[in-house]
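**Q** This is my_file-v4.cif, which holds mmCIF, C-alpha atoms and all ligand atoms:
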data_input
#
loop_
_atom_site.group_PDB
_atom_site.id
_atom_site.type_symbol
_atom_site.label_atom_id
_atom_site.label_comp_id
_atom_site.auth_asym_id
_atom_site.auth_seq_id
_atom_site.Cartn_x
_atom_site.Cartn_y
_atom_site.Cartn_z
ATOM 1 C CA MET A 128 97.358 217.836 213.829
ATOM 2 C CA ASP A 129 97.152 220.812 216.169
ATOM 3 C CA LEU A 130 93.477 221.515 217.022
ATOM 4 C CA THR A 131 93.632 225.241 216.109
ATOM 5 C CA LEU A 132 95.119 224.445 212.710
ATOM 6 C CA TYR A 133 92.417 221.830 212.197
ATOM 7 C CA ILE A 134 89.653 224.383 212.970
ATOM 8 C CA LEU A 135 91.260 226.996 210.707
ATOM 9 C CA ILE A 136 91.437 224.551 207.784
ATOM 10 C CA GLY A 137 87.774 223.753 208.398
ATOM 11 C CA ILE A 138 86.777 227.414 208.350
ATOM 12 C CA PHE A 139 88.799 228.095 205.173
ATOM 13 C CA SER A 140 87.240 225.190 203.331
ATOM 14 C CA VAL A 141 83.696 226.323 204.277
ATOM 15 C CA VAL A 142 84.481 229.882 203.121
ATOM 16 C CA ALA A 143 86.066 228.579 199.917
ATOM 17 C CA GLN A 144 82.960 226.500 199.202
ATOM 18 C CA ALA A 145 80.590 229.402 199.976
ATOM 19 C CA ALA A 146 82.359 232.050 197.861
ATOM 20 C CA PRO A 147 80.932 232.108 194.322
ATOM 21 C CA PRO A 148 83.432 231.860 191.471
ATOM 22 C CA PRO A 149 84.784 235.217 190.298
ATOM 23 C CA ILE A 150 83.008 237.133 187.533
ATOM 24 C CA THR A 151 84.551 239.653 185.178
ATOM 25 C CA MET A 152 82.036 242.102 183.736
ATOM 26 C CA GLY A 153 82.716 244.550 180.915
ATOM 27 C CA PHE A 154 80.352 247.528 181.231
ATOM 28 C CA SER A 155 79.950 250.222 178.582
ATOM 29 C CA GLN A 156 78.396 253.356 180.050
ATOM 30 C CA ILE A 157 76.935 256.130 177.874
ATOM 31 C CA GLY A 158 78.791 259.016 179.510
ATOM 32 C CA ALA A 159 78.129 261.568 182.241
ATOM 33 C CA GLU A 160 75.481 263.759 180.605
ATOM 34 C CA SER A 161 73.283 264.147 183.687
ATOM 35 C CA ALA A 162 73.194 263.793 187.482
ATOM 36 C CA TRP A 163 71.143 260.627 186.855
ATOM 37 C CA ARG A 164 73.958 259.088 184.829
ATOM 38 C CA VAL A 165 76.584 259.990 187.436
ATOM 39 C CA ALA A 166 74.457 258.306 190.145
ATOM 40 C CA ASN A 167 73.963 255.285 187.879
ATOM 41 C CA THR A 168 77.724 254.884 187.366
ATOM 42 C CA LYS A 169 78.317 255.108 191.126
ATOM 43 C CA SER A 170 75.621 252.517 191.794
ATOM 44 C CA ILE A 171 77.196 250.081 189.297
ATOM 45 C CA LYS A 172 80.731 250.556 190.658
ATOM 46 C CA ASP A 173 79.600 250.260 194.301
ATOM 47 C CA ALA A 174 77.549 247.125 193.611
ATOM 48 C CA ALA A 175 80.411 245.469 191.700
ATOM 49 C CA LYS A 176 82.689 246.060 194.685
ATOM 50 C CA ALA A 177 80.097 244.775 197.167
ATOM 51 C CA GLU A 178 79.380 241.647 195.075
ATOM 52 C CA GLY A 179 83.032 240.878 194.317
ATOM 53 C CA VAL A 180 82.547 241.363 190.568
ATOM 54 C CA GLU A 181 85.616 242.534 188.696
ATOM 55 C CA LEU A 182 84.338 245.459 186.632
ATOM 56 C CA ILE A 183 85.971 246.721 183.455
ATOM 57 C CA PHE A 184 84.259 250.093 183.046
ATOM 58 C CA ALA A 185 84.310 252.070 179.788
ATOM 59 C CA ASP A 186 82.863 255.592 179.420
ATOM 60 C CA ALA A 187 81.660 256.127 175.826
ATOM 61 C CA GLN A 188 81.316 259.893 176.137
ATOM 62 C CA GLN A 189 77.933 259.833 174.419
ATOM 63 C CA SER A 190 79.199 258.025 171.317
ATOM 64 C CA GLN A 191 77.757 254.786 169.910
ATOM 65 C CA VAL A 192 81.017 254.227 168.005
ATOM 66 C CA ASN A 193 82.869 254.205 171.341
ATOM 67 C CA GLN A 194 80.320 251.792 172.799
ATOM 68 C CA LEU A 195 80.737 249.396 169.874
ATOM 69 C CA LYS A 196 84.528 249.547 170.262
ATOM 70 C CA ALA A 197 84.281 248.895 174.011
ATOM 71 C CA ILE A 198 82.012 245.862 173.498
ATOM 72 C CA LYS A 199 84.360 244.432 170.850
ATOM 73 C CA THR A 200 87.264 244.871 173.296
ATOM 74 C CA PHE A 201 85.304 243.060 176.036
ATOM 75 C CA ILE A 202 84.774 240.168 173.611
ATOM 76 C CA LEU A 203 88.528 239.998 172.874
ATOM 77 C CA GLN A 204 89.225 240.130 176.621
ATOM 78 C CA LYS A 205 86.898 237.125 177.051
ATOM 79 C CA VAL A 206 84.978 238.679 179.949
ATOM 80 C CA ASP A 207 82.341 236.490 181.610
ATOM 81 C CA VAL A 208 79.484 238.908 180.959
ATOM 82 C CA ILE A 209 78.988 242.106 178.983
ATOM 83 C CA ALA A 210 76.568 244.819 180.103
ATOM 84 C CA PHE A 211 75.812 248.158 178.498
ATOM 85 C CA SER A 212 73.423 251.113 178.499
ATOM 86 C CA PRO A 213 72.852 251.815 174.809
ATOM 87 C CA VAL A 214 72.967 255.490 173.880
ATOM 88 C CA VAL A 215 70.460 254.835 171.042
ATOM 89 C CA THR A 216 68.136 251.921 170.298
ATOM 90 C CA THR A 217 69.458 250.855 166.868
ATOM 91 C CA GLY A 218 72.713 249.507 165.402
ATOM 92 C CA TRP A 219 73.631 246.771 167.904
ATOM 93 C CA ARG A 220 72.805 243.523 166.089
ATOM 94 C CA LYS A 221 76.233 242.908 164.528
ATOM 95 C CA VAL A 222 78.185 243.294 167.761
ATOM 96 C CA LEU A 223 75.611 241.264 169.688
ATOM 97 C CA LEU A 224 76.011 238.443 167.172
ATOM 98 C CA GLU A 225 79.784 238.586 167.781
ATOM 99 C CA ALA A 226 79.194 238.297 171.543
ATOM 100 C CA LYS A 227 76.854 235.356 170.971
ATOM 101 C CA LYS A 228 79.431 233.615 168.750
ATOM 102 C CA SER A 229 81.945 233.992 171.597
ATOM 103 C CA LYS A 230 79.317 232.638 174.045
ATOM 104 C CA ILE A 231 79.406 235.773 176.186
ATOM 105 C CA PRO A 232 76.020 236.679 177.705
ATOM 106 C CA VAL A 233 74.872 240.294 177.340
ATOM 107 C CA ILE A 234 72.725 242.320 179.741
ATOM 108 C CA VAL A 235 71.140 245.575 178.569
ATOM 109 C CA LEU A 236 70.767 248.089 181.377
ATOM 110 C CA ASP A 237 68.605 251.222 181.667
ATOM 111 C CA ARG A 238 67.924 251.956 177.960
ATOM 112 C CA GLU A 239 66.269 249.507 175.623
ATOM 113 C CA ILE A 240 67.527 248.319 172.235
ATOM 114 C CA ASP A 241 65.344 247.460 169.222
ATOM 115 C CA LYS A 242 62.843 244.728 170.115
ATOM 116 C CA LYS A 243 64.024 242.671 167.102
ATOM 117 C CA ASP A 244 67.463 242.322 168.760
ATOM 118 C CA HIS A 245 66.134 241.057 172.094
ATOM 119 C CA ASP A 246 66.797 237.468 170.974
ATOM 120 C CA LEU A 247 70.518 238.207 171.408
ATOM 121 C CA ILE A 248 70.451 239.431 175.016
ATOM 122 C CA SER A 249 69.920 237.655 178.326
ATOM 123 C CA THR A 250 67.754 240.383 179.815
ATOM 124 C CA PHE A 251 66.889 244.058 179.729
ATOM 125 C CA ILE A 252 66.783 245.730 183.164
ATOM 126 C CA GLY A 253 65.297 249.201 183.236
ATOM 127 C CA ALA A 254 62.346 251.492 183.786
ATOM 128 C CA ASP A 255 59.157 251.743 181.730
ATOM 129 C CA PHE A 256 59.925 255.010 179.944
ATOM 130 C CA ARG A 257 56.563 255.191 178.183
ATOM 131 C CA GLU A 258 54.810 255.023 181.535
ATOM 132 C CA GLU A 259 57.099 257.830 182.770
ATOM 133 C CA GLY A 260 55.900 259.987 179.852
ATOM 134 C CA ARG A 261 52.282 259.213 180.738
ATOM 135 C CA ARG A 262 52.912 260.041 184.384
ATOM 136 C CA ALA A 263 54.556 263.332 183.430
ATOM 137 C CA ALA A 264 51.492 264.307 181.395
ATOM 138 C CA HIS A 265 49.149 263.453 184.279
ATOM 139 C CA CYS A 266 51.354 265.508 186.610
ATOM 140 C CA LEU A 267 51.241 268.415 184.212
ATOM 141 C CA VAL A 268 47.463 268.325 183.936
ATOM 142 C CA ASP A 269 47.168 268.241 187.746
ATOM 143 C CA ALA A 270 49.638 271.105 188.219
ATOM 144 C CA LEU A 271 48.046 273.221 185.474
ATOM 145 C CA LYS A 272 44.589 272.717 186.918
ATOM 146 C CA LEU A 273 45.909 273.900 190.275
ATOM 147 C CA LYS A 274 47.608 276.940 188.809
ATOM 148 C CA LYS A 275 45.707 278.279 185.858
ATOM 149 C CA GLU A 276 42.491 278.883 184.057
ATOM 150 C CA ASN A 277 42.791 278.261 180.352
ATOM 151 C CA LYS A 278 39.852 279.659 178.508
ATOM 152 C CA ALA A 279 40.828 278.163 175.160
ATOM 153 C CA GLY A 280 40.642 274.714 176.736
ATOM 154 C CA ALA A 281 44.189 273.697 175.758
ATOM 155 C CA TYR A 282 47.352 274.265 177.752
ATOM 156 C CA ARG A 283 50.283 274.966 175.444
ATOM 157 C CA VAL A 284 53.297 272.829 176.241
ATOM 158 C CA ILE A 285 56.940 273.118 175.205
ATOM 159 C CA GLU A 286 58.677 269.746 175.132
ATOM 160 C CA ILE A 287 62.454 269.481 175.599
ATOM 161 C CA ARG A 288 63.506 266.051 174.383
ATOM 162 C CA GLY A 289 66.425 263.857 175.440
ATOM 163 C CA THR A 290 69.060 262.374 173.127
ATOM 164 C CA GLU A 291 67.734 261.772 169.606
ATOM 165 C CA GLY A 292 67.098 258.078 168.939
ATOM 166 C CA SER A 293 67.460 257.084 172.609
ATOM 167 C CA ALA A 294 64.838 254.869 174.248
ATOM 168 C CA PRO A 295 63.876 257.373 176.985
ATOM 169 C CA ALA A 296 63.415 260.212 174.470
ATOM 170 C CA ILE A 297 61.325 258.070 172.114
ATOM 171 C CA GLU A 298 59.206 256.466 174.816
ATOM 172 C CA ARG A 299 58.669 259.479 177.086
ATOM 173 C CA SER A 300 57.473 261.448 174.045
ATOM 174 C CA LYS A 301 55.047 258.677 173.098
ATOM 175 C CA GLY A 302 53.682 258.221 176.616
ATOM 176 C CA PHE A 303 53.237 261.944 177.091
ATOM 177 C CA ARG A 304 51.407 262.324 173.765
ATOM 178 C CA GLU A 305 49.109 259.390 174.552
ATOM 179 C CA VAL A 306 47.787 261.115 177.664
ATOM 180 C CA ALA A 307 47.901 264.596 176.114
ATOM 181 C CA ASP A 308 45.730 263.430 173.211
ATOM 182 C CA GLN A 309 43.257 261.666 175.480
ATOM 183 C CA SER A 310 43.060 264.559 177.917
ATOM 184 C CA GLY A 311 42.146 267.128 175.310
ATOM 185 C CA VAL A 312 43.682 269.849 177.488
ATOM 186 C CA LEU A 313 47.397 269.555 176.588
ATOM 187 C CA LYS A 314 48.756 270.752 173.268
ATOM 188 C CA ILE A 315 52.442 270.489 172.361
ATOM 189 C CA VAL A 316 53.249 273.730 170.569
ATOM 190 C CA ARG A 317 57.025 273.255 170.290
ATOM 191 C CA SER A 318 59.417 270.315 170.664
ATOM 192 C CA GLU A 319 63.208 270.769 170.750
ATOM 193 C CA GLY A 320 66.142 268.446 171.467
ATOM 194 C CA GLY A 321 68.276 269.044 174.568
ATOM 195 C CA ASP A 322 70.366 265.805 174.663
ATOM 196 C CA PHE A 323 69.586 265.311 178.388
ATOM 197 C CA LYS A 324 72.039 268.121 179.228
ATOM 198 C CA GLU A 325 71.338 271.049 181.542
ATOM 199 C CA SER A 326 73.358 273.480 179.392
ATOM 200 C CA LEU A 327 71.288 272.563 176.318
ATOM 201 C CA GLY A 328 68.011 272.748 178.237
ATOM 202 C CA LYS A 329 68.925 276.346 179.042
ATOM 203 C CA GLU A 330 70.107 277.130 175.521
ATOM 204 C CA VAL A 331 66.993 275.681 173.869
ATOM 205 C CA MET A 332 64.673 277.512 176.260
ATOM 206 C CA GLU A 333 66.499 280.802 175.714
ATOM 207 C CA GLY A 334 66.147 280.319 171.955
ATOM 208 C CA ILE A 335 62.408 279.788 172.342
ATOM 209 C CA LEU A 336 62.023 282.764 174.670
ATOM 210 C CA ASP A 337 63.952 285.059 172.334
ATOM 211 C CA GLY A 338 61.270 284.517 169.723
ATOM 212 C CA THR A 339 58.395 284.745 172.198
ATOM 213 C CA PRO A 340 57.650 288.171 173.639
ATOM 214 C CA LYS A 341 56.572 287.788 177.263
ATOM 215 C CA ALA A 342 53.428 289.776 176.632
ATOM 216 C CA SER A 343 52.205 287.239 174.054
ATOM 217 C CA GLY A 344 51.883 284.510 176.720
ATOM 218 C CA GLY A 345 52.921 281.956 174.084
ATOM 219 C CA PHE A 346 52.920 278.873 176.325
ATOM 220 C CA ASP A 347 51.764 277.554 179.674
ATOM 221 C CA ALA A 348 54.094 274.700 180.510
ATOM 222 C CA VAL A 349 57.392 272.917 179.899
ATOM 223 C CA PHE A 350 57.819 269.140 179.821
ATOM 224 C CA ALA A 351 61.520 268.254 179.926
ATOM 225 C CA HIS A 352 62.577 264.632 179.432
ATOM 226 C CA ASN A 353 64.913 264.912 182.422
ATOM 227 C CA ASP A 354 65.439 267.079 185.493
ATOM 228 C CA ASN A 355 68.732 268.548 184.334
ATOM 229 C CA MET A 356 67.168 269.984 181.168
ATOM 230 C CA ALA A 357 64.264 271.284 183.281
ATOM 231 C CA LEU A 358 66.752 273.004 185.596
ATOM 232 C CA GLY A 359 68.385 274.592 182.542
ATOM 233 C CA ALA A 360 64.975 275.722 181.261
ATOM 234 C CA ILE A 361 64.095 277.124 184.698
ATOM 235 C CA ALA A 362 67.314 279.185 184.692
ATOM 236 C CA ALA A 363 66.451 280.502 181.210
ATOM 237 C CA LEU A 364 62.881 281.373 182.241
ATOM 238 C CA LYS A 365 64.112 283.235 185.328
ATOM 239 C CA GLY A 366 66.735 285.023 183.240
ATOM 240 C CA ARG A 367 63.966 286.381 180.987
ATOM 241 C CA GLY A 368 61.736 287.492 183.835
ATOM 242 C CA PHE A 369 59.296 284.542 183.933
ATOM 243 C CA LYS A 370 58.284 282.793 187.146
ATOM 244 C CA PRO A 371 58.793 279.048 186.571
ATOM 245 C CA GLY A 372 56.584 276.870 188.755
ATOM 246 C CA LYS A 373 53.981 279.649 188.874
ATOM 247 C CA GLU A 374 53.459 281.426 185.543
ATOM 248 C CA VAL A 375 54.970 278.520 183.633
ATOM 249 C CA VAL A 376 54.380 275.002 184.968
ATOM 250 C CA VAL A 377 57.472 272.783 184.697
ATOM 251 C CA VAL A 378 57.471 268.979 184.869
ATOM 252 C CA SER A 379 60.329 266.545 184.294
ATOM 253 C CA VAL A 380 61.660 263.029 184.900
ATOM 254 C CA ASP A 381 64.388 261.467 187.111
ATOM 255 C CA ALA A 382 63.795 262.797 190.679
ATOM 256 C CA ILE A 383 67.373 263.890 191.392
ATOM 257 C CA ARG A 384 68.095 265.872 194.587
ATOM 258 C CA GLU A 385 68.375 269.156 192.656
ATOM 259 C CA ALA A 386 64.818 268.653 191.373
ATOM 260 C CA PHE A 387 63.556 268.452 194.963
ATOM 261 C CA GLU A 388 65.460 271.624 195.802
ATOM 262 C CA ALA A 389 63.846 273.347 192.808
ATOM 263 C CA MET A 390 60.404 272.131 193.953
ATOM 264 C CA ILE A 391 61.038 273.452 197.475
ATOM 265 C CA ALA A 392 61.987 276.799 195.874
ATOM 266 C CA GLY A 393 58.600 276.663 194.065
ATOM 267 C CA GLU A 394 60.201 276.567 190.588
ATOM 268 C CA LEU A 395 59.539 272.977 189.495
ATOM 269 C CA ASN A 396 56.040 271.518 189.790
ATOM 270 C CA CYS A 397 56.605 267.787 189.600
ATOM 271 C CA THR A 398 59.245 265.150 188.911
ATOM 272 C CA VAL A 399 58.570 261.578 187.818
ATOM 273 C CA GLU A 400 61.032 259.155 189.346
ATOM 274 C CA CYS A 401 63.361 257.045 187.218
ATOM 275 C CA SER A 402 65.781 255.292 189.519
ATOM 276 C CA PRO A 403 69.453 255.111 188.477
ATOM 277 C CA LEU A 404 70.218 252.743 191.365
ATOM 278 C CA LEU A 405 70.418 249.672 189.165
ATOM 279 C CA GLY A 406 73.808 248.326 190.276
ATOM 280 C CA THR A 407 72.608 245.599 192.644
ATOM 281 C CA GLN A 408 70.044 244.273 190.151
ATOM 282 C CA LEU A 409 72.730 244.174 187.481
ATOM 283 C CA MET A 410 75.175 242.205 189.635
ATOM 284 C CA THR A 411 72.404 239.819 190.763
ATOM 285 C CA ALA A 412 71.534 239.164 187.121
ATOM 286 C CA ALA A 413 75.202 238.456 186.344
ATOM 287 C CA ARG A 414 75.407 235.968 189.249
ATOM 288 C CA ASP A 415 72.151 234.319 188.136
ATOM 289 C CA ILE A 416 73.532 233.849 184.630
ATOM 290 C CA GLN A 417 76.711 232.382 186.144
ATOM 291 C CA SER A 418 74.722 229.862 188.165
ATOM 292 C CA GLY A 419 72.784 228.773 185.092
ATOM 293 C CA LYS A 420 69.441 230.417 185.908
ATOM 294 C CA THR A 421 67.275 231.628 183.032
ATOM 295 C CA LEU A 422 66.468 235.278 183.568
ATOM 296 C CA GLU A 423 63.217 237.071 182.860
ATOM 297 C CA LYS A 424 63.689 238.738 179.452
ATOM 298 C CA ARG A 425 62.462 242.016 180.912
ATOM 299 C CA ILE A 426 63.109 243.233 184.463
ATOM 300 C CA ILE A 427 61.147 246.441 185.100
ATOM 301 C CA THR A 428 62.359 248.798 187.804
ATOM 302 C CA ARG A 429 59.697 250.524 189.904
ATOM 303 C CA ALA A 430 59.463 254.213 190.745
ATOM 304 C CA GLY A 431 57.244 256.971 192.128
ATOM 305 C CA VAL A 432 55.941 260.426 191.233
ATOM 306 C CA PHE A 433 56.718 263.497 193.335
ATOM 307 C CA PRO A 434 54.651 266.678 193.127
ATOM 308 C CA MET A 435 55.946 269.957 194.568
ATOM 309 C CA SER A 436 53.905 269.464 197.747
ATOM 310 C CA SER A 437 55.901 266.320 198.686
ATOM 311 C CA ALA A 438 59.378 267.815 198.132
ATOM 312 C CA LYS A 439 60.208 268.911 201.684
ATOM 313 C CA ASP A 440 59.456 265.498 203.182
ATOM 314 C CA GLU A 441 61.136 263.572 200.395
ATOM 315 C CA LEU A 442 64.414 265.509 199.970
ATOM 316 C CA PRO A 443 66.146 264.097 203.098
ATOM 317 C CA LYS A 444 65.379 260.549 201.877
ATOM 318 C CA ARG A 445 66.873 260.957 198.397
ATOM 319 C CA GLN A 446 69.885 258.787 197.629
ATOM 320 C CA TYR A 447 70.823 260.575 194.381
HETATM 321 O O1 LIG B 1 68.278 256.629 180.345
HETATM 322 C C1 LIG B 1 67.882 257.363 181.452
HETATM 323 C C2 LIG B 1 68.017 258.816 181.154
HETATM 324 O O2 LIG B 1 69.343 259.102 180.768
HETATM 325 C C3 LIG B 1 67.751 259.766 182.311
HETATM 326 O O3 LIG B 1 66.445 260.186 182.397
HETATM 327 C C4 LIG B 1 68.614 260.914 181.903
HETATM 328 O O4 LIG B 1 68.767 261.884 182.921
HETATM 329 C C5 LIG B 1 69.827 260.198 181.512
HETATM 330 O O5 LIG B 1 70.800 260.925 180.946
#
Please rewrite the model in this file as structure tokens.
**A**
Amino acid sequence: MDLTLYILIGIFSVVAQAAPPPITMGFSQIGAESAWRVANTKSIKDAAKAEGVELIFADAQQSQVNQLKAIKTFILQKVDVIAFSPVVTTGWRKVLLEAKKSKIPVIVLDREIDKKDHDLISTFIGADFREEGRRAAHCLVDALKLKKENKAGAYRVIEIRGTEGSAPAIERSKGFREVADQSGVLKIVRSEGGDFKESLGKEVMEGILDGTPKASGGFDAVFAHNDNMALGAIAALKGRGFKPGKEVVVVSVDAIREAFEAMIAGELNCTVECSPLLGTQLMTAARDIQSGKTLEKRIITRAGVFPMSSAKDELPKRQY
């Protein structure tokens, strides 16, 4: 045999041995409700490409019914692994049992499902939302102390919640209340749903402001469950003549680029990071399942907290 051909065959067989077997992953995404979600989708698609995972991506447009349909389709397609970010925590058991019957492993990404259904999944990869709520409350206390004197001893907070029944909305509320109750200086005077959308954050805030004459000084701060709703609330506050970031302290979660821009403009006081860059971890988990490894039931993603004073230095480093 010709020497070059011999070497080439050698190289091909080494490469063939090294390349892991292909994986097909069905992924059901919630939708595109926020900049966070858009960055999360990009991270998943980029990582699938980089890891050679064939991704069947389905956008549920915020609907659990669509997510259930997508997962059932993945089962019929006999994908190697199913992953999904559940829009709400409940209502998954039946479809997860179907996946189990078909011996298809399931990874839950970003948002948690009911603890009682964890026996049916391989792992849950995502942030500690309750801790994010706690961090937001600490941030708020720090920012309020810097900005204001409150003679009554309690700062009045408006909460703008994320999607009803979703893990981040439930957990961020709980974490925030834990610290608020302990602190004795934060009092939630109003709590409205904004579905994690900027447009609704603005609408909800305008509704509140319409019933609150500026002169009454009805509140001191806004805690929005994500940056996009905070940006909407900031627009509403400015539209009604308030100075967000100064007269009204605003704190939120996610740490998207636009939040850093708002902090540099002096309109947002603090953002608690929740990283959407989960793609690589997801693909690694899929490969680990393929190679027979038992995964940790819970993989917690780490994140930071960014007060207004850090925004200028941090903005150039942001990846989303
Ligand atoms: O589940 C994560 C949350 O969902 C993010 O905080 C929010 O922006 C997104 O829509």
**Q** Work out how far CA of Lys221 in chain A is from CA of Leu422 in chain A, in Å to one decimal.
**A** 22.7 Å
**Q** Which protein, DNA or RNA residues have an atom within 9 Å of ligand LIG 1 (chain B), counting all atoms listed in the file, as number ranges by chain?
**A** A: 157-165, 212-214, 236-239, 253-254, 256, 289-290, 293-296, 322-324, 352-356, 380-381, 383, 400-403
**Q** Around all the atoms of range 412-417 of chain A listed in the file, with 6 Å of room on each side, what axis-aligned box do you get, giving centre and edge lengths in Å to one decimal, as JSON?
**A**
{"center_x": 74.1, "center_y": 235.8, "center_z": 186.9, "size_x": 17.2, "size_y": 18.8, "size_z": 16.6}
**Q** Counting all atoms listed in the file, which of A:Thr250, A:Gln156, A:Gly302, A:Gly292 gets nearest to Thr168 in chain A?
**A**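 Checking each candidate against Thr168 in chain A, we get A:Gln156 as the closest.
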**Q** Please expand the PyMOL selection byres (((chain A and resi 285) around 12) and not hetatm) into the concrete residues it hits in this file, giving the result as a PyMOL selection string.
**A** chain A and resi 267+282-284+286-288+300+303+313-320+328+331-332+335-336+345-352+357+360+375-379
**Q** For the residues in that selection, give me C-alpha atoms as a CSV table (one decimal), in the frame of the given file.
**A**
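Below is the file part.csv, written as the result:
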chain,number,residue,atom,x,y,z
A,267,LEU,CA,51.2,268.4,184.2
A,282,TYR,CA,47.4,274.3,177.8
A,283,ARG,CA,50.3,275.0,175.4
A,284,VAL,CA,53.3,272.8,176.2
A,286,GLU,CA,58.7,269.7,175.1
A,287,ILE,CA,62.5,269.5,175.6
A,288,ARG,CA,63.5,266.1,174.4
A,300,SER,CA,57.5,261.4,174.0
A,303,PHE,CA,53.2,261.9,177.1
A,313,LEU,CA,47.4,269.6,176.6
A,314,LYS,CA,48.8,270.8,173.3
A,315,ILE,CA,52.4,270.5,172.4
A,316,VAL,CA,53.2,273.7,170.6
A,317,ARG,CA,57.0,273.3,170.3
A,318,SER,CA,59.4,270.3,170.7
A,319,GLU,CA,63.2,270.8,170.8
A,320,GLY,CA,66.1,268.4,171.5
A,328,GLY,CA,68.0,272.7,178.2
A,331,VAL,CA,67.0,275.7,173.9
A,332,MET,CA,64.7,277.5,176.3
A,335,ILE,CA,62.4,279.8,172.3
A,336,LEU,CA,62.0,282.8,174.7
A,345,GLY,CA,52.9,282.0,174.1
A,346,PHE,CA,52.9,278.9,176.3
A,347,ASP,CA,51.8,277.6,179.7
A,348,ALA,CA,54.1,274.7,180.5
A,349,VAL,CA,57.4,272.9,179.9
A,350,PHE,CA,57.8,269.1,179.8
A,351,ALA,CA,61.5,268.3,179.9
A,352,HIS,CA,62.6,264.6,179.4
A,357,ALA,CA,64.3,271.3,183.3
A,360,ALA,CA,65.0,275.7,181.3
A,375,VAL,CA,55.0,278.5,183.6
A,376,VAL,CA,54.4,275.0,185.0
A,377,VAL,CA,57.5,272.8,184.7
A,378,VAL,CA,57.5,269.0,184.9
A,379,SER,CA,60.3,266.5,184.3
**Q** Considering only C-alpha atoms, can you say which of A:Arg220, A:Lys205, A:Arg304, A:Lys172 comes closest to Asp241 in chain A?
**A**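 So, comparing all the options, the nearest one is A:Arg220.
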**Q** Name the residues that the PyMOL selection byres (((chain A and resi 195) around 12) and not hetatm) picks from the file above, as number ranges by chain, using the file's chain letters and numbers.
**A** A: 154-157, 185-187, 189-194, 196-202, 209-215, 217-223, 225-226
**Q** As an exercise, work out the distance from CA of Gly179 in chain A to CA of Lys228 in chain A in Å and give it to one decimal place.
**A**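 Value for the CA of Gly179 in chain A-CA of Lys228 in chain A distance: 26.8 Å.
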**Q** Between A:Asp337, A:Glu330, A:Glu259, A:Glu178, which residue has the minimum interatomic distance to Lys301 in chain A, considering all atoms listed in the file?
**A** A:Glu259
**Q** So how far away is CA of Leu364 in chain A from CA of Met390 in chain A, in Å?
**A**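 Here the two named atoms are 15.1 Å from each other.
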**Q** Using all atoms listed in the file, can you tell me which of A:His245, A:Lys329, A:Arg367, A:His265 comes closest to Gln309 in chain A?
**A**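 Of A:His245, A:Lys329, A:Arg367, A:His265, the one nearest Gln309 in chain A is A:His265, counting all atoms listed in the file.
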**Q** Identify all residues satisfying the PyMOL selection byres (((chain A and resi 410) around 12) and not hetatm) in the given file; provide them as a PyMOL selection string.
**A** chain A and resi 149-154+170-182+208-210+234+236+252+404-409+411-417
